[in-house]
Amino acid sequence: MSNETMTVMGATGRTGGEVTRRMLDAGVRVRAVGRSASKLAELEAAGAEPLCGDAGDAGFLAGTFQGATAAYVMLPFEMTWSDAYAEMDRIGEAIVTAAREARLPYLVALSSLGADRPSGTGLIVGLHRQEQRLRSLRESNVLLLRPGMFYETFDQSVELIERHGAHYDAVAPDVPLPMVSTRDIGAEAARALLERDWQDVAVREILGQRDLSYAEATRILAERLGREGVGYVQVPYRDMAEELIRQGASTDVARLYIDMVRAFNEGRVTSLEGRGPASITPTPFEEFADELVGRLANQDSGTW
């Protein structure tokens, strides 16, 4: 086993889980940080050290960072937050305070395309604010990962297509958006943690194989469900916000989601570098769609 120790926040989540698995496969000691003791137990069985606590507790985080070679950090998110920016700030400040206290040498942070903008991008503004805090670290080399939209945003689309005969959202149907698998994001984060090939503060975009529209993504999913002809329907912003609240989102989160979608539709969340060899990832949306539909088909969930 390597003498290196890596701390992974969100270790039971999609990107953090992928980082954790890849670190363990590489023979690196992993401190797996999360909120669910039961989920962390699975990673403990795989060889990670489980650390359960509040991501907004700087003292707890400093302990997880102490003596680590590098860390993968992120802002957990809850749809029910009554003040999303305040919660993101609270957690973000704890991460920076802990990294400074622990004198963490390297830090890879999950951010987003659009985080270069200080306003007008809804939920992504919270990540811009976190990037600014991370840039204040003087003793850490900080890598800001800015991926496009997650493929996994479409996890609920299958149920919409099956039950309602369409996929609904407020995103304009034909606007091209960089989309990427969380598996590929985790792979890039793991590679960066192992290689540590940057100094000071660096930004890397992760753009996926190609830009996709909601209309095209819906068509691909519908084909795999045997529902050719099923399409995507754009709904008004107000209707989408009301639906999010009906599903349990806070008024604030619903508002910021709509602000983010409006930024997508108006072309304000874009790549600054353009797609190239360093930002293209291996997993096509078609592969994700095959896996999603296949996985759900094997579940006795009543959806089918």
# chains A, B, ... in the order shown; residues from 1 in each chain; ligands from 1
>>> residues_around(residues="Arg255 of chain A", least_positions_apart="3", cutoff="12 Å", atoms="only C-alpha atoms", output="JSON, numbers by chain")
{"A": [79, 81, 82, 83, 84, 85, 120, 121, 122, 123, 237, 238, 239, 240, 241, 242, 243, 244, 245, 249, 250, 251, 252, 258, 259, 260, 261, 262]}
>>> residues_around(residues="Asp25 of chain A", least_positions_apart="2", cutoff="12 Å", atoms="only C-alpha atoms", output="PyMOL selection string")
chain A and resi 1-2+18-23+27-30+46-48+187+190+194
>>> residues_around(residues="segment 227-233 of chain A", least_positions_apart="4", cutoff="12 Å", atoms="only C-alpha atoms", output="ChimeraX atom specification")
/A:154,157-158,160-174,213-223,240
>>> residues_around(residues="Val96 of chain A", least_positions_apart="3", cutoff="7 Å", atoms="only C-alpha atoms", output="PyMOL selection string")
chain A and resi 92-93+99-100+133-134
>>> select_by_dssp(residues="segment 61-248 of chain A", states="helix (DSSP H, G or I)", output="PyMOL selection string")
chain A and resi 61-65+84-102+124-134+151-154+157-164+182-195+214-224+237-246
>>> write_last_selection(atoms="C-alpha atoms", output="CSV table (one decimal), in the first residue's frame")
chain,number,residue,atom,x,y,z
A,61,LEU,CA,-12.9,18.5,8.6
A,62,ALA,CA,-9.5,19.7,9.8
A,63,GLY,CA,-9.1,16.3,11.5
A,64,THR,CA,-9.9,14.5,8.3
A,65,PHE,CA,-7.4,16.6,6.4
A,84,ALA,CA,-29.1,27.8,-0.3
A,85,TYR,CA,-26.4,30.4,-0.5
A,86,ALA,CA,-26.1,30.6,3.3
A,87,GLU,CA,-25.7,26.8,3.6
A,88,MET,CA,-23.2,26.7,0.7
A,89,ASP,CA,-21.2,29.5,2.3
A,90,ARG,CA,-21.3,27.7,5.7
A,91,ILE,CA,-19.9,24.5,4.3
A,92,GLY,CA,-17.5,26.3,2.0
A,93,GLU,CA,-16.0,28.4,4.8
A,94,ALA,CA,-15.6,25.3,6.9
A,95,ILE,CA,-13.7,23.5,4.1
A,96,VAL,CA,-11.3,26.5,3.6
A,97,THR,CA,-10.8,27.0,7.4
A,98,ALA,CA,-10.0,23.3,7.8
A,99,ALA,CA,-7.6,23.2,4.8
A,100,ARG,CA,-5.8,26.2,6.2
A,101,GLU,CA,-5.6,24.7,9.7
A,102,ALA,CA,-4.4,21.3,8.4
A,124,ILE,CA,-23.9,28.0,-9.6
A,125,VAL,CA,-23.3,31.4,-8.0
A,126,GLY,CA,-22.7,29.4,-4.7
A,127,LEU,CA,-19.9,27.6,-6.5
A,128,HIS,CA,-18.4,30.9,-7.7
A,129,ARG,CA,-18.3,32.1,-4.1
A,130,GLN,CA,-16.6,28.9,-3.1
A,131,GLU,CA,-14.0,29.2,-5.8
A,132,GLN,CA,-13.2,32.7,-4.5
A,133,ARG,CA,-12.7,31.3,-1.0
A,134,LEU,CA,-10.5,28.5,-2.2
A,151,TYR,CA,-25.8,12.9,-17.2
A,152,GLU,CA,-27.4,11.8,-14.0
A,153,THR,CA,-29.6,14.8,-14.2
A,154,PHE,CA,-31.7,12.5,-16.4
A,157,SER,CA,-36.5,11.1,-17.0
A,158,VAL,CA,-37.2,7.5,-17.5
A,159,GLU,CA,-40.1,7.6,-15.0
A,160,LEU,CA,-41.5,10.8,-16.7
A,161,ILE,CA,-41.3,9.1,-20.1
A,162,GLU,CA,-43.0,6.0,-18.9
A,163,ARG,CA,-45.7,7.6,-16.8
A,164,HIS,CA,-46.4,10.8,-18.7
A,182,THR,CA,-20.2,11.6,-12.9
A,183,ARG,CA,-18.1,8.5,-13.3
A,184,ASP,CA,-15.8,10.4,-15.7
A,185,ILE,CA,-15.7,13.4,-13.3
A,186,GLY,CA,-14.6,11.1,-10.5
A,187,ALA,CA,-12.0,9.5,-12.7
A,188,GLU,CA,-10.5,12.9,-13.6
A,189,ALA,CA,-10.5,13.9,-9.9
A,190,ALA,CA,-8.8,10.7,-8.9
A,191,ARG,CA,-6.2,11.1,-11.7
A,192,ALA,CA,-5.5,14.7,-10.5
A,193,LEU,CA,-5.1,13.6,-6.9
A,194,LEU,CA,-2.6,10.9,-7.8
A,195,GLU,CA,-0.6,13.0,-10.3
A,214,TYR,CA,-32.6,18.1,-23.8
A,215,ALA,CA,-34.5,17.2,-26.9
A,216,GLU,CA,-31.7,14.9,-28.1
A,217,ALA,CA,-31.1,13.3,-24.7
A,218,THR,CA,-34.8,12.6,-24.3
A,219,ARG,CA,-34.9,11.0,-27.8
A,220,ILE,CA,-32.0,8.7,-26.9
A,221,LEU,CA,-33.6,7.6,-23.6
A,222,ALA,CA,-37.0,7.1,-25.3
A,223,GLU,CA,-35.5,4.9,-28.0
A,224,ARG,CA,-34.0,2.6,-25.4
A,237,TYR,CA,-40.3,28.8,-15.5
A,238,ARG,CA,-43.1,29.5,-13.1
A,239,ASP,CA,-44.7,26.1,-13.6
A,240,MET,CA,-41.4,24.3,-13.2
A,241,ALA,CA,-40.7,26.2,-9.9
A,242,GLU,CA,-44.1,25.2,-8.6
A,243,GLU,CA,-43.5,21.6,-9.5
A,244,LEU,CA,-40.1,21.6,-7.7
A,245,ILE,CA,-41.8,23.0,-4.6
A,246,ARG,CA,-44.5,20.3,-4.9
>>> residues_around(residues="segment 276-281 of chain A", least_positions_apart="2", cutoff="9 Å", atoms="only C-alpha atoms", output="ChimeraX atom specification")
/A:147,180-181,184-185,188,204-210,273-274,283-284
>>> select_by_dssp(residues="segment 80-249 of chain A", states="strand (DSSP E)", output="ChimeraX atom specification")
/A:106-110,141-147,149-150,166-169,177-180,201-206,211-212,231-234
>>> atom_distance(atom1="atom CA of Ala109 of chain A", atom2="atom CA of Thr7 of chain A")
11.9 Å
